[in-house]
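**Student:** I am attaching a structure below and will ask some questions about it afterwards.
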Amino acid sequence: MKYGRQRFLLLGLALILCLTSCSRTDRDSQAKVGSGKVPTLVGYLIGTPPDGLPDVMEELNRKLVQDVGARLELKYIQWGDMAARYPLALSSGENVDFIFAANWAYYSQEATKGSFREITPDMVRAYMPKHYAATNEKAWKEAEVGGKVFMIPTSTPDFKVPVTLIRADLRKKYGLPEIRSIAALEPYLAAVKANEPDMIPIQVDKQYDFIKTHANLQWELGPPTVDVIMTTNGFSGVFTDWDDPSGKLLSLFDEPLRSSYIQVAKTVKSWYDKGYINHDAFANKIRSKDSFEQGRSAVAYGNSNDIQSTIAKAEQKGWEVDILPNLSPKGTYMMDPYINNGVAIAIDSKNTELAMRALDLIMEDPAYNRLVYYGIEGKHYVLQDGKASFPNGQAAERGEYAPDASGFWFTNKNQLPPIAGWNEEYARHKEAIPGMLIPFTYSAFNFDALSVQGELDRINEAAIQYLNPILSGMTKDVDQAFVQAEKEIRAAGFEKVLEEARRQTLSYLRQIRQ
């Protein structure tokens, strides 16, 4: 009996020692034994999840459980739902740990509203040491809103330009010469309309593509403008010409912008009236490049990176593709800032440290980086002579997890192996990109909307109702509709917003020129 009691005490002591000395190991292995105690991080990305995502997520979570003691659940906001779902994801009260953030994806707006957690240098040093070491100080400066940082920018800005794709095989079929500009596109659109009954020449969605036809023409004919307050998503009416290094502000309702916008809108209306542009854009959630891949559209809008998979799928079907860069009259486009891709921690996240540790690996560890961007080696790609290759035997897998299609655009792309087998057209395009890019004066400018948020909300609502139909070709009389749009936007508080933009941009320009 005494021996049994001593044995029991020794076993108890051993158990206590194990619990104290091995607690970290136990925490890291909880998921392996199915305890259910391993935290699940919830992240939001933009786009449509690729078919091969479940296999990639299984491998990613195996690695994350082992390395940081957490799992990841991904949710996607489709392009067509972005305007409604992005803000809702952050305000609905659901569990969100991180979300894709960028200067074109509501970053400054949501940061101003308090949707994101402040990111301090100490946090990055402690929880994201790899990313801290890899990221230029300029990136953090670009991410400042009101003197504070609310996102984790990429360490490697993209080298890309907006592009339009057309079917070169159809162009040749109908005896059309090479097309080098959007302004020269009409004969191609007319030929497709007349001869391809199952195809709409330009099939746009309600979010990404909706006003792209107007924007591409506007940039090409000039002045090439960018909204300095709302960037891609939303509208303020306050623009600058990216070819003008002085940073002068342009109002949509003053020359030279007013006449140019109206004239381009008349061209878009002509195309719409002729049936070259789909009439169901308000309800359509399918991007033009997806319709292009399905053979339902003869035009695709995208950028140098996200068209890779579209061109690959076209090749598989035996189609030829022409790439038309969407540039200014001088043949330029703005160089991407660091904050063109990034990720923000939701203000209500209960797993800030874990989320940042996981993101540090996803963004900067080569094995993680390659996994989320290219997929599983041997299944979605193979390495040959240091290049990622997609041989004929894996043609289907290429479609399951195409590079750049998963939404992890904030990873360190300098670590990724180059892709072998680009066709000659795309290879020429990639080689030409550095010659198209110029520095943008406002690359590090993030408008602080706090004092004019109400006006901006009303302006954006007025633009959606009165201006967007003009830019998409849907209005009956462009001149009359533009007068009405101007009246409504001015009544919403445009002058106050313009004055605040002047004040903030002048302050910014003084700082960068010191």
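Starting from 1 in every chain, residues are counted up; chains themselves are A, B, ... following the order of the structure tokens, and ligands are numbered from 1 as listed.
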Would you mind listing, for every residue of region 111-210 of chain A within 9 Å of region 250-274 of chain A, the two atoms forming the shortest contact and the distance between them in Å to one decimal, using only C-alpha atoms, sorted by chain and ascending residue number, as JSON lines?

**Tutor:**
{"residue": "A:Glu186", "atom": "CA", "partner": "A:Trp271", "partner_atom": "CA", "distance": 7.9}
{"residue": "A:Leu189", "atom": "CA", "partner": "A:Trp271", "partner_atom": "CA", "distance": 8.5}
{"residue": "A:Ala190", "atom": "CA", "partner": "A:Lys274", "partner_atom": "CA", "distance": 8.4}
{"residue": "A:Lys193", "atom": "CA", "partner": "A:Lys274", "partner_atom": "CA", "distance": 8.7}

**Student:** Name the residues in contact with Lys212 (chain A) at a cut-off of 9 Å, using only C-alpha atoms, excluding same-chain residues fewer than 5 positions from it; report them as a list in words.

**Tutor:**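 These residues fall inside the cut-off: Val204, Leu217, Tyr301, Leu471 and Ser472 of chain A.
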
**Student:** Give me a file of those residues, with C-alpha atoms, as a CSV table (one decimal), in the first residue's frame.

**Tutor:**
chain,number,residue,atom,x,y,z
A,204,VAL,CA,-18.4,44.2,-68.0
A,217,LEU,CA,-10.2,55.8,-73.3
A,301,TYR,CA,-9.9,44.2,-68.7
A,471,LEU,CA,-19.5,56.8,-68.0
A,472,SER,CA,-20.9,53.3,-68.8

**Student:** Just checking: using only C-alpha atoms, which residue out of A:Tyr373, A:Trp319, A:Tyr338, A:Phe210 ends up closest to Leu467 (chain A)?

**Tutor:** A:Phe210

**Student:** Please extract the residues of region 293-364 of chain A with a backbone DSSP assignment of strand (DSSP E or B) and present them as a PyMOL selection string.

**Tutor:** chain A and resi 297+299-303+321-325+333-334+342-346

**Student:** Please identify which residues in region 410-495 of chain A DSSP calls helix (DSSP H, G or I) from the backbone, and express them as an MDAnalysis selection string.

**Tutor:** chainID A and resid 413:415 424:436 450:471 478:491 494:495

**Student:** Find the spatial neighbours of Arg357 (chain A), counting only C-alpha atoms, within a cut-off of 10 Å - ignore same-chain residues fewer than 4 positions away - and output them as a list of chain:residue names.

**Tutor:**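 Non-adjacent residues within range: A:Leu64, A:Asp67, A:Val68, A:Gly69, A:Ala70, A:Val124, A:Ala126, A:Tyr127, A:Met128, A:Pro129, A:Lys130, A:His131, A:Asn351, A:Thr352, A:Glu353, A:Leu361, A:Ile362.
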
**Student:** Selected residues, N, CA and C atoms, written as a compact mmCIF listing (two decimals), in the first residue's frame, please.

**Tutor:**
# COMPACT_ATOMS: atom_id res chain seq x y z
N LEU A 64 1.02 25.91 -40.67
CA LEU A 64 0.73 26.94 -39.68
C LEU A 64 0.55 26.36 -38.29
N ASP A 67 3.98 25.67 -37.01
CA ASP A 67 4.90 26.80 -36.81
C ASP A 67 4.37 27.90 -35.91
N VAL A 68 3.05 28.14 -35.91
CA VAL A 68 2.51 29.22 -35.07
C VAL A 68 1.37 28.78 -34.17
N GLY A 69 0.93 27.53 -34.30
CA GLY A 69 -0.14 27.05 -33.44
C GLY A 69 -1.50 27.62 -33.78
N ALA A 70 -1.77 27.84 -35.07
CA ALA A 70 -3.06 28.37 -35.49
C ALA A 70 -3.42 27.82 -36.86
N VAL A 124 5.58 45.12 -35.42
CA VAL A 124 6.16 44.46 -36.59
C VAL A 124 7.47 43.79 -36.22
N ALA A 126 8.32 42.63 -33.33
CA ALA A 126 8.08 41.51 -32.42
C ALA A 126 7.42 40.33 -33.12
N TYR A 127 6.41 40.60 -33.95
CA TYR A 127 5.58 39.53 -34.49
C TYR A 127 5.86 39.21 -35.97
N MET A 128 6.51 40.15 -36.68
CA MET A 128 6.78 39.95 -38.11
C MET A 128 8.23 40.30 -38.42
N PRO A 129 9.18 39.63 -37.77
CA PRO A 129 10.59 40.00 -37.95
C PRO A 129 11.08 39.83 -39.39
N LYS A 130 10.58 38.82 -40.09
CA LYS A 130 10.99 38.62 -41.49
C LYS A 130 10.52 39.79 -42.36
N HIS A 131 9.28 40.18 -42.16
CA HIS A 131 8.72 41.26 -42.96
C HIS A 131 9.37 42.60 -42.59
N ASN A 351 -7.00 37.94 -32.22
CA ASN A 351 -5.80 37.14 -32.47
C ASN A 351 -4.73 37.95 -33.21
N THR A 352 -4.54 39.19 -32.78
CA THR A 352 -3.63 40.08 -33.50
C THR A 352 -2.23 39.49 -33.60
N GLU A 353 -1.68 39.03 -32.49
CA GLU A 353 -0.32 38.50 -32.50
C GLU A 353 -0.22 37.27 -33.39
N LEU A 361 5.03 34.67 -42.06
CA LEU A 361 5.46 33.49 -42.82
C LEU A 361 4.87 33.51 -44.24
N ILE A 362 3.58 33.81 -44.34
CA ILE A 362 2.93 33.82 -45.66
C ILE A 362 3.57 34.86 -46.58

**Student:** For CA of Ala191 (chain A) and CA of Gln207 (chain A), determine how far apart the two atoms are, in Å to one decimal place.

**Tutor:**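 Going from CA of Ala191 (chain A) over to CA of Gln207 (chain A) covers 26.8 Å.
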
**Student:** Excluding region 491-508 of chain A and any residue of its chain fewer than 4 positions from it, enumerate the residues within 9 Å of it, using only C-alpha atoms, and give them as a CSV table (one decimal) with C-alpha atoms, in the first residue's frame.

**Tutor:**
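The new file selection-v2.csv reads:
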chain,number,residue,atom,x,y,z
A,228,VAL,CA,-6.5,61.6,-55.3
A,229,ILE,CA,-9.0,60.9,-52.6
A,236,SER,CA,-14.7,62.3,-55.2
A,237,GLY,CA,-14.3,64.4,-58.4
A,238,VAL,CA,-10.9,65.6,-57.4
A,247,GLY,CA,0.7,67.4,-58.5
A,249,LEU,CA,-5.4,69.2,-58.7
A,251,SER,CA,-11.8,69.2,-60.9
A,442,TYR,CA,1.0,61.2,-54.7
A,444,ALA,CA,2.5,58.2,-50.4
A,445,PHE,CA,-0.6,60.4,-50.0
A,447,PHE,CA,-6.4,61.5,-47.7
A,448,ASP,CA,-7.7,62.0,-44.2
A,449,ALA,CA,-11.4,62.1,-44.7
A,451,SER,CA,-13.6,66.2,-41.6
A,452,VAL,CA,-15.5,65.6,-44.8
A,453,GLN,CA,-16.7,62.0,-44.5
A,454,GLY,CA,-20.3,62.9,-44.7
A,455,GLU,CA,-19.8,64.9,-47.9
A,456,LEU,CA,-17.8,62.2,-49.5
A,457,ASP,CA,-20.5,59.6,-48.7
A,458,ARG,CA,-23.1,61.9,-50.3
A,459,ILE,CA,-20.9,62.6,-53.3
A,460,ASN,CA,-20.2,59.0,-53.9
A,461,GLU,CA,-23.9,58.2,-53.7
A,462,ALA,CA,-24.7,61.0,-56.2
A,486,GLU,CA,-22.7,68.1,-61.7
A,487,LYS,CA,-25.7,69.7,-59.9
A,512,ILE,CA,8.0,65.7,-49.9
A,513,ARG,CA,9.9,68.6,-51.4

**Student:** When you look at Asn340 (chain A) with a cut-off of 12 Å (counting only C-alpha atoms), what residues show up, excluding the ones that are within fewer than 4 positions of it in the same chain? I need them as a compact mmCIF listing (two decimals) with C-alpha atoms, in the first residue's frame.

**Tutor:**
# COMPACT_ATOMS: atom_id res chain seq x y z
CA PHE A 100 -6.69 42.44 -47.92
CA ALA A 101 -6.04 46.19 -47.93
CA ALA A 102 -4.71 48.54 -50.60
CA ASN A 103 -4.86 52.15 -51.71
CA TRP A 104 -7.40 51.02 -54.33
CA ALA A 105 -9.42 48.89 -51.89
CA TYR A 106 -10.84 51.27 -49.32
CA TYR A 107 -7.69 51.47 -47.18
CA SER A 108 -7.75 55.16 -46.27
CA ALA A 139 6.43 51.48 -47.46
CA GLU A 142 3.12 55.43 -47.71
CA ALA A 143 0.77 53.59 -45.34
CA MET A 151 -1.92 48.24 -42.77
CA ILE A 152 1.01 45.93 -43.45
CA PRO A 153 2.16 46.84 -46.97
CA THR A 154 3.88 44.43 -49.31
CA SER A 155 7.67 44.45 -49.31
CA THR A 156 7.70 44.16 -53.11
CA PRO A 157 5.53 46.53 -55.18
CA ASP A 158 4.20 45.11 -58.42
CA PHE A 159 5.58 46.03 -61.81
CA LYS A 160 2.39 46.11 -63.83
CA THR A 231 -8.49 56.01 -55.86
CA THR A 232 -10.17 53.10 -57.67
CA MET A 334 1.93 55.24 -62.50
CA MET A 335 4.47 53.07 -60.74
CA ASP A 336 2.71 51.03 -58.06
CA TRP A 409 -1.02 39.62 -53.82
CA PHE A 410 0.84 40.98 -50.80
CA THR A 411 3.50 38.25 -50.70
CA SER A 443 2.21 57.62 -54.16
CA ALA A 444 2.50 58.22 -50.40
CA ASN A 446 -3.54 59.09 -48.07

**Student:** If we count only C-alpha atoms, what is near region 425-441 of chain A at a cut-off of 9 Å, once residues fewer than 5 positions away on the same chain are taken out, given as an mmCIF file with N, CA and C atoms, in the first residue's frame?

**Tutor:**
data_model
loop_
_atom_site.group_PDB
_atom_site.id
_atom_site.type_symbol
_atom_site.label_atom_id
_atom_site.label_comp_id
_atom_site.auth_asym_id
_atom_site.auth_seq_id
_atom_site.Cartn_x
_atom_site.Cartn_y
_atom_site.Cartn_z
ATOM 1 N N PHE A 159 5.254 45.341 -60.567
ATOM 2 C CA PHE A 159 5.583 46.028 -61.809
ATOM 3 C C PHE A 159 4.525 45.611 -62.823
ATOM 4 N N LYS A 160 3.504 46.453 -62.958
ATOM 5 C CA LYS A 160 2.387 46.108 -63.833
ATOM 6 C C LYS A 160 1.734 47.372 -64.350
ATOM 7 N N VAL A 161 0.965 47.218 -65.414
ATOM 8 C CA VAL A 161 0.148 48.297 -65.954
ATOM 9 C C VAL A 161 -1.231 47.733 -66.252
ATOM 10 N N TRP A 242 -1.380 62.073 -63.837
ATOM 11 C CA TRP A 242 -0.171 61.390 -63.365
ATOM 12 C C TRP A 242 1.071 61.750 -64.178
ATOM 13 N N ASP A 243 0.883 62.339 -65.345
ATOM 14 C CA ASP A 243 2.028 62.807 -66.129
ATOM 15 C C ASP A 243 2.519 64.183 -65.679
ATOM 16 N N ASP A 244 1.814 64.808 -64.731
ATOM 17 C CA ASP A 244 2.169 66.140 -64.246
ATOM 18 C C ASP A 244 2.863 66.020 -62.889
ATOM 19 N N PRO A 245 4.184 66.145 -62.835
ATOM 20 C CA PRO A 245 4.897 65.972 -61.561
ATOM 21 C C PRO A 245 4.610 67.072 -60.545
ATOM 22 N N SER A 246 3.984 68.171 -60.969
ATOM 23 C CA SER A 246 3.683 69.254 -60.021
ATOM 24 C C SER A 246 2.577 68.867 -59.056
ATOM 25 N N GLY A 247 1.769 67.874 -59.418
ATOM 26 C CA GLY A 247 0.689 67.450 -58.535
ATOM 27 C C GLY A 247 -0.516 68.360 -58.556
ATOM 28 N N SER A 304 -1.184 43.533 -65.895
ATOM 29 C CA SER A 304 -0.112 42.658 -66.383
ATOM 30 C C SER A 304 -0.025 41.353 -65.610
ATOM 31 N N GLN A 308 -2.251 36.685 -66.545
ATOM 32 C CA GLN A 308 -1.419 35.516 -66.841
ATOM 33 C C GLN A 308 -2.269 34.266 -67.046
ATOM 34 N N ILE A 311 -4.467 34.401 -70.264
ATOM 35 C CA ILE A 311 -3.716 34.089 -71.479
ATOM 36 C C ILE A 311 -3.423 32.592 -71.559
ATOM 37 N N VAL A 321 -4.007 35.897 -78.464
ATOM 38 C CA VAL A 321 -4.391 37.069 -77.672
ATOM 39 C C VAL A 321 -3.461 38.236 -77.972
ATOM 40 N N ASP A 322 -4.048 39.409 -78.163
ATOM 41 C CA ASP A 322 -3.287 40.656 -78.254
ATOM 42 C C ASP A 322 -3.389 41.390 -76.924
ATOM 43 N N ILE A 323 -2.285 41.991 -76.476
ATOM 44 C CA ILE A 323 -2.246 42.744 -75.222
ATOM 45 C C ILE A 323 -2.109 44.228 -75.540
ATOM 46 N N PRO A 325 -1.642 47.685 -73.660
ATOM 47 C CA PRO A 325 -1.451 48.423 -72.406
ATOM 48 C C PRO A 325 -2.317 49.685 -72.396
ATOM 49 N N LEU A 327 -2.448 53.174 -71.332
ATOM 50 C CA LEU A 327 -1.464 54.169 -70.927
ATOM 51 C C LEU A 327 -1.947 55.581 -71.236
ATOM 52 N N GLY A 331 2.394 57.503 -73.189
ATOM 53 C CA GLY A 331 2.783 56.098 -73.085
ATOM 54 C C GLY A 331 3.243 55.688 -71.710
ATOM 55 N N THR A 332 2.662 56.308 -70.671
ATOM 56 C CA THR A 332 3.105 56.040 -69.300
ATOM 57 C C THR A 332 1.958 55.529 -68.436
ATOM 58 N N TYR A 333 2.343 54.961 -67.282
ATOM 59 C CA TYR A 333 1.400 54.655 -66.218
ATOM 60 C C TYR A 333 2.133 54.842 -64.890
ATOM 61 N N MET A 334 1.353 54.999 -63.820
ATOM 62 C CA MET A 334 1.928 55.238 -62.497
ATOM 63 C C MET A 334 2.607 53.988 -61.949
ATOM 64 N N MET A 335 3.795 54.158 -61.428
ATOM 65 C CA MET A 335 4.465 53.065 -60.740
ATOM 66 C C MET A 335 3.685 52.723 -59.479
ATOM 67 N N ASP A 336 3.467 51.443 -59.248
ATOM 68 C CA ASP A 336 2.712 51.030 -58.063
ATOM 69 C C ASP A 336 3.443 51.413 -56.784
ATOM 70 N N PRO A 337 2.720 51.947 -55.798
ATOM 71 C CA PRO A 337 3.319 52.140 -54.478
ATOM 72 C C PRO A 337 3.328 50.822 -53.711
ATOM 73 N N LEU A 509 2.747 68.065 -50.445
ATOM 74 C CA LEU A 509 3.765 68.461 -51.421
ATOM 75 C C LEU A 509 4.908 69.222 -50.754
#

**Student:** Measure the distance from CA of Glu58 (chain A) to CA of Pro418 (chain A) in Å and round it to one decimal.

**Tutor:**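 Atom-to-atom, CA of Glu58 (chain A) and CA of Pro418 (chain A) are spaced 24.9 Å apart.
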
**Student:** Could you tell me how far CA of Ala312 (chain A) lies from CA of Met82 (chain A), in Å and to one decimal?

**Tutor:**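 Separation between CA of Ala312 (chain A) and CA of Met82 (chain A): 26.1 Å.
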
**Student:** Determine the nearest neighbour of Ala358 (chain A) from the options A:Ile345, A:Phe482, A:Tyr401, A:Glu320, counting only C-alpha atoms.

**Tutor:** A:Ile345

**Student:** Considering only C-alpha atoms, state which residue in the set A:Val382, A:Ala420, A:Ala134, A:Leu60 is at the smallest distance from Leu72 (chain A).

**Tutor:**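 Distance minimum relative to Leu72 (chain A) lands on A:Leu60.
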
**Student:** With only C-alpha atoms as the atoms that count, which of A:Tyr44, A:Trp79, A:Tyr466, A:Phe98 lies nearest to Lys285 (chain A)?

**Tutor:** A:Trp79
